[in-house]
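S.K.: One structure, pasted below without further comment.
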Amino acid sequence: MLTLVTGTTGQVGRRFVPRLLAQRQPGEQVRVLVRDAARGERFAELGAQVAVGDMRDEETLGKALAGADAVVNVAASFRGVPDEEAWAVNRDAAVALGRAAQASGVERFVQVSTNNVYGVGRGRPLTEEDESRPGGAMWGAYPESKAEAERELLALKYLDVRIGRLPFVYGEGDPHLANSLHWAARWAPHQRLQMAHHADVAQGLMRLLYAPGIAGRIYNIADDAPVTTVELYQLNGVEAPAGIHELTDPDPWFGITSNQRIRRELGFRPIYPSVWTARDAGAL
């Protein structure tokens with residue numbers, strides 16, 4: 001089995017690929033797609049094949065997919081980029097990769113998506129059966145383009161597509177946790193954030209990659225204990241601003257997802273059930 005992974009230099013990809021390489025079985029190979037050969041050297045040292053080029057280039061896709069049996073598309077563009085860039089990477093490039101994979105005879109295609117595609121809350125944990133409802137504080141080009149990519153990829157015939165929806169991802173030095181304070185000041189103190197540690201994101205994606213018979217299935221990858229705004233400040237060692245205690249939460253179930261499907265069907269169990277478990281283990 002040869003697996004092609006895209007988006008390998010981002011926060012998720014750079015932590016996922018070493019785990020994928022470490023857990024491969026005899027005969028399994030991993031190929032990474034990078035735009036700069038120098039950024040692929042670390043993966044090559046770990047035993048990965050390296051393909052160089054832009055995934056938006058048709059010729060690059062042909063070379064990167066040659067002989068591949070599976071694809072894990074981690075590539076994403078969302079923070080601080082123009083809407084056109086988000087659409088170009090998150091939908092257009094993802095769908096082009098899916099079509100190229102289809103033409104190359106790839107057997108499995110794991111699309112990494114986001115829980116932001118759900119949009120507004122439903123008054124309970126969000127499940128994979130819930131349709132996308134545009135709206136909410138996080139709605140914009142990123143979740144909209146990811147939702148469109150999901151729909152178009154799942155519509156491709158003869159390609160085994162599986163979707164993994166990620167929440168707020170943290171851990172292992174990822175600055176995401178510290179960056180959360182940039183917008184936490186606008187949240188009510190009891191507002192909650194669904195999270196997953198990088199170790200559990202990797203676990204979830206590998207379960208999606210290797211599980212047989214789940215073509216067309218969507219899975220939320222998440223831990224068991226969303227954290228509050230006040231806890232975000234505590235985790236960062238910063239006192240919460242007094243003003244946030246006057247704020248209210250208009251949608252207390254916004255972004256809160258159920259992980260019951262992936263637990264039940266794929267045997268997923270969070271290594272770090274909460275961010276506090278990760279903190280105590282020194283894994284932040």
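Residues are named by chain letter and number: chains run A, B, ... in the order of the structure tokens, numbers start at 1 in each chain, and ligands are numbered from 1 in the order shown.
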Using only C-alpha atoms, which residues of region 183-203 of chain A come within 12 Å of region 126-141 of chain A, and what is the closest atom pair for each, with the distance in Å to one decimal? Give it as a tab-separated table, sorted by chain and residue number.
M.R.:
```
residue	atom	partner	partner_atom	distance
A:Trp183	CA	A:Ala137	CA	10.9
A:Arg186	CA	A:Ala137	CA	10.7
A:Trp187	CA	A:Ala137	CA	10.5
A:Gln194	CA	A:Leu126	CA	10.9
```
S.K.: Run DSSP on the backbone and give me the residues of region 67-219 of chain A it puts in alpha helix (DSSP H), as number ranges by chain.
M.R.: A: 83-87, 94-104, 141-154, 176-179, 181-184, 198-210
S.K.: Those same residues, written as a compact mmCIF listing (two decimals), in the first residue's frame with N, CA and C atoms?
M.R.:
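Output below, filename result-v8.txt:
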```txt
# COMPACT_ATOMS: atom_id res chain seq x y z
N ASP A 83 -10.47 35.12 0.29
CA ASP A 83 -11.49 34.11 0.02
C ASP A 83 -11.17 33.30 -1.22
N GLU A 84 -10.61 33.97 -2.24
CA GLU A 84 -10.29 33.27 -3.49
C GLU A 84 -9.26 32.16 -3.25
N GLU A 85 -8.31 32.42 -2.38
CA GLU A 85 -7.30 31.42 -2.05
C GLU A 85 -7.93 30.24 -1.31
N ALA A 86 -8.84 30.54 -0.38
CA ALA A 86 -9.51 29.48 0.36
C ALA A 86 -10.29 28.57 -0.59
N TRP A 87 -11.02 29.15 -1.49
CA TRP A 87 -11.80 28.35 -2.45
C TRP A 87 -10.88 27.55 -3.37
N ALA A 94 -8.83 20.31 -3.95
CA ALA A 94 -9.24 19.04 -3.35
C ALA A 94 -10.02 18.20 -4.34
N VAL A 95 -10.93 18.83 -5.07
CA VAL A 95 -11.75 18.09 -6.04
C VAL A 95 -10.89 17.64 -7.22
N ALA A 96 -9.96 18.49 -7.66
CA ALA A 96 -9.05 18.10 -8.73
C ALA A 96 -8.20 16.91 -8.30
N LEU A 97 -7.76 16.90 -7.06
CA LEU A 97 -6.99 15.78 -6.53
C LEU A 97 -7.85 14.52 -6.52
N GLY A 98 -9.11 14.67 -6.12
CA GLY A 98 -10.01 13.51 -6.11
C GLY A 98 -10.22 12.94 -7.49
N ARG A 99 -10.42 13.80 -8.46
CA ARG A 99 -10.64 13.33 -9.83
C ARG A 99 -9.38 12.68 -10.38
N ALA A 100 -8.21 13.26 -10.08
CA ALA A 100 -6.95 12.66 -10.53
C ALA A 100 -6.74 11.30 -9.85
N ALA A 101 -7.10 11.21 -8.58
CA ALA A 101 -6.99 9.94 -7.87
C ALA A 101 -7.91 8.90 -8.48
N GLN A 102 -9.10 9.33 -8.82
CA GLN A 102 -10.08 8.45 -9.46
C GLN A 102 -9.51 7.91 -10.77
N ALA A 103 -8.93 8.81 -11.57
CA ALA A 103 -8.38 8.41 -12.86
C ALA A 103 -7.15 7.51 -12.71
N SER A 104 -6.43 7.65 -11.59
CA SER A 104 -5.21 6.86 -11.37
C SER A 104 -5.48 5.52 -10.73
N ALA A 141 -15.57 31.70 4.04
CA ALA A 141 -15.05 30.98 2.88
C ALA A 141 -14.44 29.64 3.27
N TYR A 142 -13.80 29.57 4.44
CA TYR A 142 -13.16 28.30 4.83
C TYR A 142 -14.17 27.18 5.02
N PRO A 143 -15.14 27.28 5.93
CA PRO A 143 -16.08 26.17 6.07
C PRO A 143 -16.96 25.96 4.84
N GLU A 144 -17.30 27.05 4.16
CA GLU A 144 -18.14 26.90 2.97
C GLU A 144 -17.41 26.13 1.87
N SER A 145 -16.14 26.46 1.67
CA SER A 145 -15.36 25.76 0.64
C SER A 145 -15.10 24.31 1.03
N LYS A 146 -14.91 24.05 2.32
CA LYS A 146 -14.72 22.67 2.78
C LYS A 146 -16.00 21.86 2.61
N ALA A 147 -17.15 22.48 2.89
CA ALA A 147 -18.42 21.78 2.72
C ALA A 147 -18.66 21.44 1.25
N GLU A 148 -18.33 22.37 0.36
CA GLU A 148 -18.48 22.12 -1.08
C GLU A 148 -17.55 21.00 -1.53
N ALA A 149 -16.33 20.99 -1.01
CA ALA A 149 -15.38 19.93 -1.37
C ALA A 149 -15.91 18.57 -0.94
N GLU A 150 -16.46 18.50 0.26
CA GLU A 150 -17.04 17.24 0.74
C GLU A 150 -18.10 16.74 -0.24
N ARG A 151 -19.03 17.63 -0.59
CA ARG A 151 -20.14 17.22 -1.46
C ARG A 151 -19.65 16.74 -2.82
N GLU A 152 -18.71 17.48 -3.41
CA GLU A 152 -18.23 17.11 -4.74
C GLU A 152 -17.40 15.83 -4.71
N LEU A 153 -16.60 15.64 -3.68
CA LEU A 153 -15.78 14.43 -3.58
C LEU A 153 -16.67 13.20 -3.36
N LEU A 154 -17.65 13.33 -2.50
CA LEU A 154 -18.54 12.19 -2.23
C LEU A 154 -19.37 11.81 -3.46
N HIS A 176 -1.54 27.05 18.19
CA HIS A 176 -2.99 27.23 18.11
C HIS A 176 -3.60 27.55 19.47
N LEU A 177 -3.15 26.87 20.52
CA LEU A 177 -3.73 27.06 21.85
C LEU A 177 -3.49 28.49 22.34
N ALA A 178 -2.27 28.98 22.16
CA ALA A 178 -1.98 30.36 22.55
C ALA A 178 -2.73 31.36 21.69
N ASN A 179 -2.84 31.05 20.40
CA ASN A 179 -3.54 31.95 19.49
C ASN A 179 -5.02 32.08 19.80
N LEU A 181 -6.44 32.93 22.37
CA LEU A 181 -6.75 34.09 23.20
C LEU A 181 -7.00 35.34 22.38
N HIS A 182 -6.63 35.32 21.11
CA HIS A 182 -6.90 36.48 20.25
C HIS A 182 -8.39 36.70 20.07
N TRP A 183 -9.15 35.61 20.05
CA TRP A 183 -10.60 35.75 19.87
C TRP A 183 -11.40 35.33 21.10
N ALA A 184 -10.76 34.71 22.09
CA ALA A 184 -11.47 34.29 23.30
C ALA A 184 -12.04 35.47 24.08
N HIS A 198 -3.27 16.55 18.65
CA HIS A 198 -2.68 16.05 17.40
C HIS A 198 -2.55 14.53 17.40
N ALA A 199 -2.26 13.95 18.56
CA ALA A 199 -2.14 12.48 18.62
C ALA A 199 -3.46 11.82 18.29
N ASP A 200 -4.56 12.43 18.71
CA ASP A 200 -5.87 11.85 18.44
C ASP A 200 -6.35 12.15 17.03
N VAL A 201 -5.95 13.29 16.48
CA VAL A 201 -6.24 13.57 15.07
C VAL A 201 -5.56 12.51 14.20
N ALA A 202 -4.28 12.24 14.50
CA ALA A 202 -3.55 11.22 13.73
C ALA A 202 -4.20 9.86 13.89
N GLN A 203 -4.59 9.52 15.14
CA GLN A 203 -5.26 8.24 15.37
C GLN A 203 -6.53 8.14 14.53
N GLY A 204 -7.34 9.21 14.57
CA GLY A 204 -8.60 9.19 13.82
C GLY A 204 -8.39 9.05 12.33
N LEU A 205 -7.43 9.81 11.78
CA LEU A 205 -7.19 9.76 10.34
C LEU A 205 -6.67 8.39 9.91
N MET A 206 -5.84 7.78 10.74
CA MET A 206 -5.34 6.44 10.38
C MET A 206 -6.45 5.40 10.45
N ARG A 207 -7.37 5.57 11.38
CA ARG A 207 -8.51 4.66 11.43
C ARG A 207 -9.36 4.82 10.17
N LEU A 208 -9.56 6.04 9.71
CA LEU A 208 -10.30 6.25 8.47
C LEU A 208 -9.56 5.67 7.28
N LEU A 209 -8.24 5.79 7.29
CA LEU A 209 -7.44 5.31 6.17
C LEU A 209 -7.49 3.79 6.04
N TYR A 210 -7.39 3.10 7.15
CA TYR A 210 -7.22 1.65 7.10
C TYR A 210 -8.52 0.86 7.20
```
S.K.: Pick out the closest residue to Ala211 (chain A) from this set: A:Gly237, A:Pro270, A:Ala196, A:Val110. Count only C-alpha atoms.
M.R.: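 Selected residue with least distance to Ala211 (chain A): A:Val110.
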S.K.: Record the distance separating CA of Arg165 (chain A) and CA of Asn220 (chain A), expressed in Å with one decimal.
M.R.: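 Separation between CA of Arg165 (chain A) and CA of Asn220 (chain A): 4.8 Å.
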S.K.: Give the strand (DSSP E) residues of region 166-227 of chain A, as DSSP finds them on the backbone, and put them as a list in words.
M.R.: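 Across region 166-227 of chain A, those assigned strand (DSSP E) are Leu166, Phe168, Val169, Tyr170, Arg192, Leu193, Met195, Ala196, His197, Ile218, Tyr219, Asn220 and Val227 of chain A.
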S.K.: Set the distance at 10 Å and use only C-alpha atoms: which residues neighbour Arg263 (chain A) once local chain neighbours fewer than 4 positions away are removed? I'd like the list as number ranges by chain.
M.R.: A: 204, 219-221, 258-259, 267-270
S.K.: Export, as a PDB file, in the first residue's frame, the selected residues with N, CA, C and O atoms.
M.R.:
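The result, stored in selection25.pdb:
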```pdb
ATOM      1  N   GLY A 204      -7.343   9.210  14.567  1.00  0.00           N
ATOM      2  CA  GLY A 204      -8.602   9.188  13.824  1.00  0.00           C
ATOM      3  C   GLY A 204      -8.390   9.053  12.327  1.00  0.00           C
ATOM      4  O   GLY A 204      -9.065   8.265  11.659  1.00  0.00           O
ATOM      5  N   TYR A 219     -16.925  11.174   9.584  1.00  0.00           N
ATOM      6  CA  TYR A 219     -16.649  10.959  10.995  1.00  0.00           C
ATOM      7  C   TYR A 219     -16.149  12.242  11.659  1.00  0.00           C
ATOM      8  O   TYR A 219     -15.239  12.891  11.145  1.00  0.00           O
ATOM      9  N   ASN A 220     -16.753  12.585  12.792  1.00  0.00           N
ATOM     10  CA  ASN A 220     -16.211  13.640  13.639  1.00  0.00           C
ATOM     11  C   ASN A 220     -15.053  13.065  14.432  1.00  0.00           C
ATOM     12  O   ASN A 220     -15.173  11.998  15.039  1.00  0.00           O
ATOM     13  N   ILE A 221     -13.922  13.761  14.434  1.00  0.00           N
ATOM     14  CA  ILE A 221     -12.775  13.386  15.258  1.00  0.00           C
ATOM     15  C   ILE A 221     -12.675  14.424  16.368  1.00  0.00           C
ATOM     16  O   ILE A 221     -12.451  15.604  16.090  1.00  0.00           O
ATOM     17  N   SER A 258     -20.390  15.341  18.379  1.00  0.00           N
ATOM     18  CA  SER A 258     -20.413  14.000  18.958  1.00  0.00           C
ATOM     19  C   SER A 258     -19.321  13.155  18.305  1.00  0.00           C
ATOM     20  O   SER A 258     -19.148  13.180  17.095  1.00  0.00           O
ATOM     21  N   ASN A 259     -18.606  12.390  19.120  1.00  0.00           N
ATOM     22  CA  ASN A 259     -17.610  11.460  18.576  1.00  0.00           C
ATOM     23  C   ASN A 259     -18.084  10.012  18.684  1.00  0.00           C
ATOM     24  O   ASN A 259     -17.289   9.077  18.593  1.00  0.00           O
ATOM     25  N   GLY A 267     -13.641   2.157  16.600  1.00  0.00           N
ATOM     26  CA  GLY A 267     -12.880   1.866  17.799  1.00  0.00           C
ATOM     27  C   GLY A 267     -12.020   3.001  18.310  1.00  0.00           C
ATOM     28  O   GLY A 267     -11.098   2.792  19.103  1.00  0.00           O
ATOM     29  N   PHE A 268     -12.327   4.218  17.902  1.00  0.00           N
ATOM     30  CA  PHE A 268     -11.571   5.392  18.340  1.00  0.00           C
ATOM     31  C   PHE A 268     -11.765   5.623  19.835  1.00  0.00           C
ATOM     32  O   PHE A 268     -12.882   5.595  20.340  1.00  0.00           O
ATOM     33  N   ARG A 269     -10.663   5.825  20.552  1.00  0.00           N
ATOM     34  CA  ARG A 269     -10.686   6.232  21.953  1.00  0.00           C
ATOM     35  C   ARG A 269      -9.622   7.304  22.128  1.00  0.00           C
ATOM     36  O   ARG A 269      -8.443   7.038  21.876  1.00  0.00           O
ATOM     37  N   PRO A 270      -9.997   8.504  22.546  1.00  0.00           N
ATOM     38  CA  PRO A 270      -8.995   9.566  22.658  1.00  0.00           C
ATOM     39  C   PRO A 270      -7.844   9.197  23.585  1.00  0.00           C
ATOM     40  O   PRO A 270      -8.066   8.734  24.706  1.00  0.00           O
TER      41      PRO A 270
END
```
S.K.: Write out as a VMD selection string which residues come within 6 Å of region 230-233 of chain A when counting only C-alpha atoms, dropping same-chain ones fewer than 4 positions away.
M.R.: chain A and resid 189 238 240
S.K.: Can you pull out the residues contacting region 52-55 of chain A? Cut-off 10 Å, using only C-alpha atoms, and skip same-chain residues under 2 positions away; I want them as a list of chain:residue names.
M.R.: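 Once the adjacent positions are removed, what remains is A:Thr6, A:Gly7, A:Val32, A:Leu33, A:Val34, A:Arg35, A:Asp36, A:Ala37, A:Ala38, A:Arg39, A:Gly40, A:Val50, A:Asp57, A:Glu58, A:Glu59, A:Thr60, A:Leu61, A:Gly62, A:Lys63, A:Ala64, A:Ala75, A:Val89, A:Ala93, A:Ala94, A:Ala96, A:Leu97.
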S.K.: Tell me, in Å to one decimal, how far CA of Thr229 (chain A) is from CA of Ala188 (chain A).
M.R.: 6.8 Å
S.K.: I'd like the interatomic distance between CA of Arg279 (chain A) and CA of Ala222 (chain A), to a tenth of an Å.
M.R.: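 A separation of 16.6 Å between them.
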S.K.: Tell me which of A:Phe16, A:Val30, A:Gly121, A:Asp92 sits closest to Asp249 (chain A), counting only C-alpha atoms.
M.R.: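 Once distances to Asp249 (chain A) are computed over only C-alpha atoms, the minimum belongs to A:Gly121.
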S.K.: Show which residues sit within 10 Å of Ala278 (chain A), as a short mmCIF file (atom, residue, chain, number, x, y, z; two decimals) with N, CA and C atoms, in the first residue's frame. Count only C-alpha atoms, and ignore same-chain residues fewer than 6 positions away.
M.R.:
```cif
data_model
loop_
_atom_site.label_atom_id
_atom_site.label_comp_id
_atom_site.auth_asym_id
_atom_site.auth_seq_id
_atom_site.Cartn_x
_atom_site.Cartn_y
_atom_site.Cartn_z
N TYR A 170 -4.79 20.99 18.79
CA TYR A 170 -3.75 21.57 19.65
C TYR A 170 -2.72 20.50 20.00
N GLY A 171 -1.67 20.95 20.70
CA GLY A 171 -0.70 20.02 21.28
C GLY A 171 0.65 20.01 20.62
N GLU A 172 1.65 19.52 21.36
CA GLU A 172 3.00 19.31 20.85
C GLU A 172 3.62 20.58 20.28
N HIS A 197 -6.43 16.62 20.38
CA HIS A 197 -4.97 16.67 20.38
C HIS A 197 -4.45 16.10 19.06
N ALA A 199 -2.26 13.95 18.56
CA ALA A 199 -2.14 12.48 18.62
C ALA A 199 -3.46 11.82 18.29
N ILE A 271 -6.64 9.37 23.10
CA ILE A 271 -5.46 9.21 23.95
C ILE A 271 -5.48 10.27 25.03
N TYR A 272 -5.93 11.46 24.64
CA TYR A 272 -6.09 12.58 25.57
C TYR A 272 -7.57 12.97 25.57
N LEU A 284 1.23 19.41 25.81
CA LEU A 284 0.74 20.63 25.17
C LEU A 284 1.77 21.22 24.22
#
```
S.K.: Give the answer as one residue: which of A:Leu2, A:Ala88, A:Met195, A:Ala70 has the shortest atom-to-atom distance to Ala48 (chain A), using only C-alpha atoms?
M.R.: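 Distance minimum relative to Ala48 (chain A) lands on A:Leu2.
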S.K.: Rank nothing, just name the residue among A:Ile262, A:Met1, A:Val275, A:Ala281 nearest to Val169 (chain A), using only C-alpha atoms.
M.R.: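 Nearest to Val169 (chain A): A:Val275.
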